[in-house]
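Q: Below: one structure in structure tokens.
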Amino acid sequence: MLAPAAGAYAVKGFCAFAPGSVASAENLRMLTVGGTCEEVSATVHAAASWTDGSVKLAEIAFAFEAGRDGPTYFWVEWGSQVRRAKPGPAALQSLSQTLYFEEAEVPSPDFDLGAGTLLVRVERHPDLWYYAYFVPTAAILGLLVWRKARLGR
Amino acid sequence: MAAEDLKLRERALALFAARDGRPAALEYFEDAVRSEDISAGDGPLLGVFCNFVPAEVVEAAGAVPVRLCSGSVVAQSVGEQMMPRDTCPVARATFGAVAGGFGLASRVRAVVVPTSCDAKRRLAEFLSDYVPVLSLSIPPRNDYRTELPYWVSELERLAEGLSRITGVTPTRARLEAAILRRRARQDAFRDLGRARLRYPHVLAGSDLALVAAAAFAAESSRWAEATRRLASEVRTLGEARPRPADFVPLVLTGAPLLWPAWKLYDVIQSAGGSVVADTLCSVTQGLDDPVQVDDWSRAGIMRALALRYFAASLCPCFMDTTALTDRVFELVHDWKAQGVVAHNLRLCQLAEMQSARLRHILRDKGIPFLAVDTELGTEDVEQVRVRVEAFMEMIRERPCAQR
Amino acid sequence: MMRPTAVARWSVQIAAFGLLIYGGFLVKAALGRSVLPGVSAPAGAYSSNTLPQQSIAWAPGDEPAFNFYPPGAACRFNPGGGLFKACIVHMFSENLTWRTPLKYLSLYLFLFVLLAFLFGRAWCGWICPLGTLGDALTGLRRLLHIDHADFSGGFRKALRICSYGILAPTLAVSAFIGMPAFTPYQCYLFLPYCQVCPARLLCPLFGGRTSTLADFTNGISSFLSIASWVVLGLFVAAFFLGRRIWCHLCPIGLVNSWFNRGSPLELRKDQVRCNRCAACADACPMGLDHVVRKKGKAVLNEPGCVLCLRCVDACPRDSCLSVTFWGKQLIQSKYRETHS
Amino acid sequence: MATKVVVLSDGKAVGKALVNTGTDPRAAGAEALSQALGQAGLQECELPRIVTGYGRVVANNGARTITEILAAARGAHCVAPLADGVIDLGGQDTKVIKLGPDGTVADFIMNDKCAAGTGRFLELMVSALGVDFDGLGDLAAAAAKPARINSTCAVFAGSEVVSLIARSVPESDIAAGLFASIASRIAALATHVGGAGRYAFIGGGAKSPAMKKALESALGKEVIVPDDPQFVVALGAALSAAQP
């Protein structure tokens, strides 16, 4: 399959949290996986909140330099001690292409609600290939309409 | 009078039996038109007219339907003593047959008269002086969407009336049994049709008419067996003898040619033509369309009966007769017919006006057409002969490309 | 007295039913994994794993074998995911809510359009598992010799309008709750039609999952459960008494019906051979009579016609009705002897 | 009712004879034949012959027979090659024949079996007016405005004529009316076979100029009347006999 050019992408995604587990969007940050695990600069805001004000659905967006094919993994870390240091990247809006990150593994039911980490995956989707399907689709629809017209009511 | 009527019938039988190389299986049908196939054991006889009366309902009510439409001039002369002269000859003859007690007409417990045309409406009243009459009123339009509910209710009325006469109620099970039993007739007739389509030269038009006339008054399963035998014999004979070079297949349409008034068959055949297919209610109409039941509930069965005997009818008494013209085209195409002959029974306006329209429609398609105005009797046979022979000459003169 | 077409159709329907409901297990057992990559929900957004009714949550590995949306499919909520992912209405709803970029759907749209174009509403008449269950109900009715209810043409038109009235709001609501500002409503309104669709109850049930039948965890889900039972009741009644009258209402059938006229799979009629006996109209499970009514029309693919071909079976005139695929004749009506 | 014979010698009619048939068509046929042969200066010999008309069945003496429709078509095509339609107003019946390009019969229609609209009809009316056939024609020629005679049935028309006389309608108008009524019948038949570009008008009726005039006004076009129109059918038969 045809992969898009390597380069900068805006990565978006949502994480859902149990009531009271994440007090505010500030108690949440993203880390690279492996090595030094340094923080990735990301913007986070609560897309939805529980009645107690804690975050229900956090929308996380960050810039991603896609160097190679295949998935890249990040940690989403949260907890009352966690503080996000780096502010969100300013250039995010200027990035044309958007990817979504997905939860890489289903969290085990008995994990600590108060604090924890979540593994997420970013994978480049082959864009051009997708667009290619519109051509035959349009052709078939055209044929259909033509045949309809020829048959009449 | 009855004796004269019998003589007339025997003469007619002899006339058509004369043709050599005729399938032997036709003997059964000759006996049947002598009304020898209905035995007393089969149940009370019930006279019906036209193809509008669902025989299945009659049988389900425990009676045996026999069709009384007559073409006998003797019976006609009897009928004239009561009916005005300038009325439908078939109505006169049929009434005469009942009034004079000819053949089966003397044995029927009651009659069912559909009010398809004006003559039939009055005929019902004339008959009611002699025999109990159940009438079926036919809507003027045979469009099932508008008329089906009414027609079904008419059939229900008929069923009630019949059960009052016979004491048997046509239940769902009885109707189903009757339909499956009667279906054997269509199966056999279609089988014969396929055989004839393959070897159209074996069976003369008059022979097919004989088969149909026998169906008027024959026990259906025996009739079906005989027809199967005939079909197989047609196949064997067809293998044996090739189709003659001067074979001129014709399609016959218009008013019914009722036994024994078969002058037209005689003239056409002696002029070298062969009637291979027809739209006559006296022959094909009554036999080739089956009752197609989709839903075997009682209502579903009655609906199917209504559709078969009403919506599928080609009777010119209905407003829309495009079905009839379409059928003529179909037959001309399938049987490679070289001409169409319309039988205008004198005083049958419906048939006559229909054929007048047909003449114009067929002329535009370049299909030779002849309308023959005639009556039951043989007094005008020479006039008919001139027209038919000229028609045959005309067809034979046509360049082969146009045939 | 079963006609060949009827036999063929029953076999296809039963086979399709089995494949759609249970095929997922088999194929995945063979291939180990879904064949096409699916469009997955943004994490945390309501995906079909996490409907308002928690009970409908998927077990991990519940993905279907072929991750796309054919014109006739089993329900999304099959255990084991069934053979295909879901019906087209489900696809539109969930992806509108997720605001999935169109490009990610192009493959699925292409496959759907192709299949719908090739076979039109034959998908409804021959494949749809709901239709198969309904035909079984009809068969039961026939065995009991109960006549079917007849619905007027006006009523059928009304049902068609109603099916637009189901489809349009379904898509509108799905799009609405996809907007960031309204995401909180997803927990009430995600997949609006699925909440009451009888397939959501029946298909998982045949797959061996009863959890979708009822859910009284909260008010909304209780309400929706009861509503879905009511719809299921209507569905059963409609199919038992009204043959396929339901299919005039089905929004999936509606989408397929747009492809019926103009599809290469054509129902044709030779006007000259028609004797107007209307046996075709009597046999039509959709209650249509266009086959006998339409004069001088060769192709009879009406939007309402599910190409079940009962009319071709019922027609007693040789080669009056026929079915062609791109001009090539597949079958034609002929008189069939019941005796002999 | 008359028996006509035409003797043909290399394409030309060398002998013609007309004998009133009476009750014995055989005798009339033999008589006419000998007359015609005499006129042609030939002896009774084995000429190929064809018998046509109503007599063909009883009086053919083993000769070939064809119907008068075919004979009329052949004869008319011979005497009036340009005509693509033939109108034959005979004693027994009236025919309208549509000819194919090569003079074959493309379509034809005949009056129904009663005498309505035939020569016989005129003969009966003649007696009602107390003139002879030609006299009827002369009367019609002098007509101011033709009377309207609705009935084509000979019997009813007879009484209709009587009532017209009683209403002191001039005989000339009545005569013209009679011709007009027949002409309109024929025109109706002509439309049934789809009409033709140019008609040949043959048969005994064609001898009357009044009939020709009435027919032309009814058809709205000229008609060709060959010489001896009553022999055209016999000529056609002779022509057919000439062909092996």
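Going through the structure tokens in order, the chains are called A, B, and so on, while each chain numbers its residues from 1 and the ligands are numbered from 1 in the order shown.
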Applying 7 Å and only C-alpha atoms, which residues near Ala298 (chain C) remain after dropping the ones on its own chain fewer than 3 positions away? List them as a list in words.

A: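 So, after excluding close chain neighbours, the residues are Arg268, Lys269 and Asp270 of chain C.
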
Q: Restricting it to N, CA, C and O atoms, dump the selection as a short mmCIF file (atom, residue, chain, number, x, y, z; two decimals), in the first residue's frame.

A:
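Resulting contents of selection_13.cif:
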data_model
loop_
_atom_site.label_atom_id
_atom_site.label_comp_id
_atom_site.auth_asym_id
_atom_site.auth_seq_id
_atom_site.Cartn_x
_atom_site.Cartn_y
_atom_site.Cartn_z
N ARG C 268 -37.58 -8.90 -16.47
CA ARG C 268 -38.15 -8.43 -17.74
C ARG C 268 -39.48 -9.12 -18.03
O ARG C 268 -39.76 -10.19 -17.52
N LYS C 269 -40.28 -8.46 -18.88
CA LYS C 269 -41.60 -8.99 -19.24
C LYS C 269 -41.83 -8.82 -20.73
O LYS C 269 -41.50 -7.78 -21.29
N ASP C 270 -42.36 -9.89 -21.35
CA ASP C 270 -42.74 -9.81 -22.76
C ASP C 270 -44.25 -9.56 -22.80
O ASP C 270 -45.05 -10.48 -22.63
#

Q: Quick one: everything within 8 Å of Leu99 (chain D), counting only C-alpha atoms, minus sequence neighbours fewer than 6 positions away in the same chain. Send it as a ChimeraX atom specification.

A: /D:73,83-86,105-107

Q: For the residues selected in the previous step, produce a file with C-alpha atoms as a PDB file, in the first residue's frame.

A:
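Here's the written file out26.pdb:
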ATOM      1  CA  ALA D  73     -57.322  -9.039 -59.619  1.00  0.00           C
ATOM      2  CA  ALA D  83     -54.658   0.519 -60.755  1.00  0.00           C
ATOM      3  CA  ASP D  84     -53.626  -0.721 -57.285  1.00  0.00           C
ATOM      4  CA  GLY D  85     -57.207  -1.318 -56.202  1.00  0.00           C
ATOM      5  CA  VAL D  86     -60.154  -3.115 -57.761  1.00  0.00           C
ATOM      6  CA  VAL D 105     -53.999  -9.787 -54.111  1.00  0.00           C
ATOM      7  CA  ALA D 106     -52.662  -7.893 -51.086  1.00  0.00           C
ATOM      8  CA  ASP D 107     -55.987  -7.714 -49.245  1.00  0.00           C
TER       9      ASP D 107
END

Q: Give me, as a ChimeraX atom specification, the contact residues of chain B against chain C at a cut-off of 10 Å, counting only C-alpha atoms.

A: /B:142-145,172,180-181,183-188,190-191,228,288-301,303-304,306-314,322-331

Q: Can you pull out every residue from region 177-218 of chain D that DSSP, working from the backbone, puts in strand (DSSP E or B), and format the result as a list in words?

A: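 Selection result, strand (DSSP E or B) within region 177-218 of chain D: Tyr199, Ala200, Phe201 and Ile202 of chain D.
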
Q: When you look at Asp138 (chain D) with a cut-off of 9 Å (counting only C-alpha atoms), what residues show up, excluding the ones that are within fewer than 6 positions of it in the same chain? I need them as a list in words.

A: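 These residues fall inside the cut-off: Ser172, Ala175, Pro209 and Ala210 of chain D.
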
Q: Restricting it to all heavy atoms, dump the selection as a PDB file, in the first residue's frame.

A:
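Here's the written file selection-v3.pdb:
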ATOM      1  N   SER D 172     -85.751  11.254 -60.137  1.00  0.00           N
ATOM      2  CA  SER D 172     -84.320  11.401 -60.451  1.00  0.00           C
ATOM      3  C   SER D 172     -83.506  11.445 -59.161  1.00  0.00           C
ATOM      4  O   SER D 172     -82.498  10.758 -59.017  1.00  0.00           O
ATOM      5  CB  SER D 172     -84.095  12.688 -61.250  1.00  0.00           C
ATOM      6  OG  SER D 172     -84.602  13.784 -60.490  1.00  0.00           O
ATOM      7  N   ALA D 175     -83.315   8.014 -57.651  1.00  0.00           N
ATOM      8  CA  ALA D 175     -82.373   7.169 -58.390  1.00  0.00           C
ATOM      9  C   ALA D 175     -80.947   7.501 -57.975  1.00  0.00           C
ATOM     10  O   ALA D 175     -80.151   6.632 -57.605  1.00  0.00           O
ATOM     11  CB  ALA D 175     -82.554   7.388 -59.885  1.00  0.00           C
ATOM     12  N   PRO D 209     -72.729   4.758 -66.079  1.00  0.00           N
ATOM     13  CA  PRO D 209     -71.979   5.984 -65.795  1.00  0.00           C
ATOM     14  C   PRO D 209     -72.438   6.629 -64.487  1.00  0.00           C
ATOM     15  O   PRO D 209     -71.636   7.169 -63.728  1.00  0.00           O
ATOM     16  CB  PRO D 209     -72.290   6.882 -66.990  1.00  0.00           C
ATOM     17  CG  PRO D 209     -73.231   6.173 -67.858  1.00  0.00           C
ATOM     18  CD  PRO D 209     -73.510   4.821 -67.322  1.00  0.00           C
ATOM     19  N   ALA D 210     -73.737   6.526 -64.208  1.00  0.00           N
ATOM     20  CA  ALA D 210     -74.258   7.117 -62.967  1.00  0.00           C
ATOM     21  C   ALA D 210     -73.574   6.472 -61.763  1.00  0.00           C
ATOM     22  O   ALA D 210     -73.146   7.149 -60.828  1.00  0.00           O
ATOM     23  CB  ALA D 210     -75.763   6.901 -62.892  1.00  0.00           C
TER      24      ALA D 210
END

Q: Sorted by chain and rising residue number, list the residues of chain A at most 9 Å from chain C (counting only C-alpha atoms), each with its closest atom pair and distance in Å to one decimal, as a tab-separated table.

A:
residue	atom	partner	partner_atom	distance
A:Lys12	CA	C:Pro42	CA	8.4
A:Gly13	CA	C:Pro42	CA	5.8
A:Phe14	CA	C:Gly44	CA	5.1
A:Cys15	CA	C:Gly44	CA	4.6
A:Ala16	CA	C:Gly44	CA	4.6
A:Phe17	CA	C:Gly44	CA	8.3
A:Ala47	CA	C:Pro180	CA	7.1
A:Ala48	CA	C:Pro184	CA	6.2
A:Ser49	CA	C:Pro184	CA	8.5
A:Leu57	CA	C:Gly44	CA	6.7
A:Ala58	CA	C:Gly44	CA	8.3
A:Tyr100	CA	C:Pro42	CA	6.5
A:Phe101	CA	C:Pro42	CA	7.1
A:Glu102	CA	C:Ala43	CA	5.3
A:Glu103	CA	C:Ala43	CA	5.9
A:Val106	CA	C:Pro60	CA	8.2
A:Val120	CA	C:Ala43	CA	8.9
A:His125	CA	C:Tyr104	CA	8.5
A:Asp127	CA	C:Lys103	CA	7.2
A:Leu128	CA	C:Lys103	CA	8.7
A:Trp129	CA	C:Lys103	CA	9.0
A:Tyr130	CA	C:Lys103	CA	5.4
A:Tyr131	CA	C:Lys103	CA	5.7
A:Ala132	CA	C:Ser106	CA	8.1
A:Tyr133	CA	C:Ser106	CA	5.6
A:Phe134	CA	C:Ser106	CA	6.0
A:Val135	CA	C:Phe110	CA	8.9
A:Pro136	CA	C:Phe110	CA	7.1
A:Thr137	CA	C:Phe110	CA	4.9
A:Ala138	CA	C:Phe110	CA	8.5
A:Ile140	CA	C:Leu114	CA	6.8
A:Leu141	CA	C:Val113	CA	7.5
A:Leu143	CA	C:Gly262	CA	8.2
A:Leu144	CA	C:Gly262	CA	5.3
A:Val145	CA	C:Gly262	CA	7.1
A:Trp146	CA	C:Gly262	CA	7.8
A:Arg147	CA	C:Gly262	CA	4.7
A:Lys148	CA	C:Gly262	CA	4.6
A:Ala149	CA	C:Gly262	CA	8.2
A:Arg150	CA	C:Gly262	CA	8.4
A:Leu151	CA	C:Gly262	CA	7.3

Q: Quick one, how far is CA of Lys7 (chain B) from CA of Ala261 (chain B)?

A: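 The value is 13.2 Å.
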
Q: Compile the contact shell of Gln43 (chain D) as an MDAnalysis selection string: residues with an atom at most 12 Å away, counting only C-alpha atoms, same-chain residues fewer than 6 positions apart removed.

A: chainID D and resid 7 15 33:37

Q: Got a sec to pull out which chain D residues are within 9 Å of chain B, counting only C-alpha atoms, and send them as a PyMOL selection string?

A: chain D and resi 53-54+66-70+104-110+112-113+192-194

Q: Would you return as a ChimeraX atom specification the members of region 116-316 of chain C that DSSP assigns to helix (DSSP H, G or I) on this structure's backbone?

A: /C:116-119,122-127,129-143,153-176,180-189,198-206,219-241,245-248,251-257,271-273,279-283,290-293,310-314
